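Beneath this line is the structure, given in structure tokens, with notes to follow.
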Amino acid sequence: MLKKRHLLIPLACLVLFIFIKYTIEFGNDLNDQSPIECLFCNIAHGRITPPKLEFENDEYVIFKDKNPASTYHYLAIPKQHFDSLKVLNKSHVGLVERMQNGMIRFLESKNVSKENAVIGFHIPPFISQKHLHLHGISPKSEMDLSNRINFFIPSFWFKSADDAIESLKLADL
């Protein structure tokens with residue numbers, strides 16, 4: 001019983017740390033925004049630069065994260081505004097699959113293996129921008145402790161792209 005308490009205290013501290021990090025540090029970024037005011041919508045539609053778009057098609061863009069967690073840290077964002085994974089349903093499976101496959105191909109073009117990458121989404125309220133974005137990060141070994149926690153799979157704050165797709169397949173329309 002005493003050993004379980006010793007494990008619960010660090011776990012509770014970790015949860016509190018993550019909650020504080022995302023609700024206070026990024027709280028100002030999560031105010032209700034129209035797509036015209038959304039930073040990621042403006043990036044996706046070329047209304048503001050930088051960042052340099054590394055990849056673009058009719059559906060989504062990929063660009064380097066401004067606060068990289070490792071040597072390679074890119075974001076794939078759809079051109080259509082979606083607040084987060086929470087607003088998607090079964091009809092969005094194709095979009096998420098194409099974003100995931102595009103991120104994998106993009107990382108492979110940088111000689112990064114998907115086995116050494118973290119590819120996934122943060123779950124609200126643990127999001128830094130109120131616009132759906134897929135992280136592609138590699139190598140895991142270069143991530144510091146804070147980022148290993150921040151992008152830990154499986155967790156209730158970060159979901160792999162595969163898990164997100166499986167959840168969406170079960171969601172209602």
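Going through the structure tokens in order, the chains are called A, B, and so on, while each chain numbers its residues from 1 and the ligands are numbered from 1 in the order shown.
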Run DSSP on the backbone and tell me which residues of region 109-153 of chain A come out as helix (DSSP H, G or I); list them as an NGL selection string.
:A and (109 or 114-116 or 140-142 or 145-150)
Exercise: region 35-48 of chain A partners within 8 Å, only C-alpha atoms, chain neighbours under 2 positions left out, as a list in words:
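Listed by chain and then number, they are Gln33, Pro50, Pro51, Tyr60, Val61, Ile77, Pro78, Lys79, Gln80, His81, Gln129, Lys130 and His131 of chain A.
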In Å to one decimal, how far is CA of Lys86 (chain A) from CA of Glu108 (chain A)?
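Atom-to-atom, CA of Glu108 (chain A) to CA of Lys86 (chain A), that is 28.6 Å.
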In Å, rounded to a single decimal, give me how far CA of Leu75 (chain A) is from CA of Glu54 (chain A).
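Spanning CA of Glu54 (chain A) to CA of Leu75 (chain A) is a straight-line distance of 9.8 Å.
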Using DSSP on the backbone coordinates, identify the residues of region 55-86 of chain A assigned to strand (DSSP E); present them as a ChimeraX atom specification.
/A:55-56,60-64,72-78
Between A:Pro124, A:Ser138, A:Leu170, A:Thr49, which has the minimum distance to Val87 (chain A) (counting only C-alpha atoms)?
A:Pro124
Sorted by chain and rising residue number, list the residues of region 20-122 of chain A at most 9 Å from region 141-150 of chain A (counting only C-alpha atoms), each with its closest atom pair and distance in Å to one decimal, as CSV.
```
residue,atom,partner,partner_atom,distance
A:Ala69,CA,A:Met143,CA,5.7
A:Ser70,CA,A:Met143,CA,5.3
A:Thr71,CA,A:Glu142,CA,7.3
A:Asn116,CA,A:Ser141,CA,8.4
A:His122,CA,A:Asn150,CA,8.7
```
Any idea what the distance is between CA of Asp65 (chain A) and CA of Lys169 (chain A)?
28.3 Å
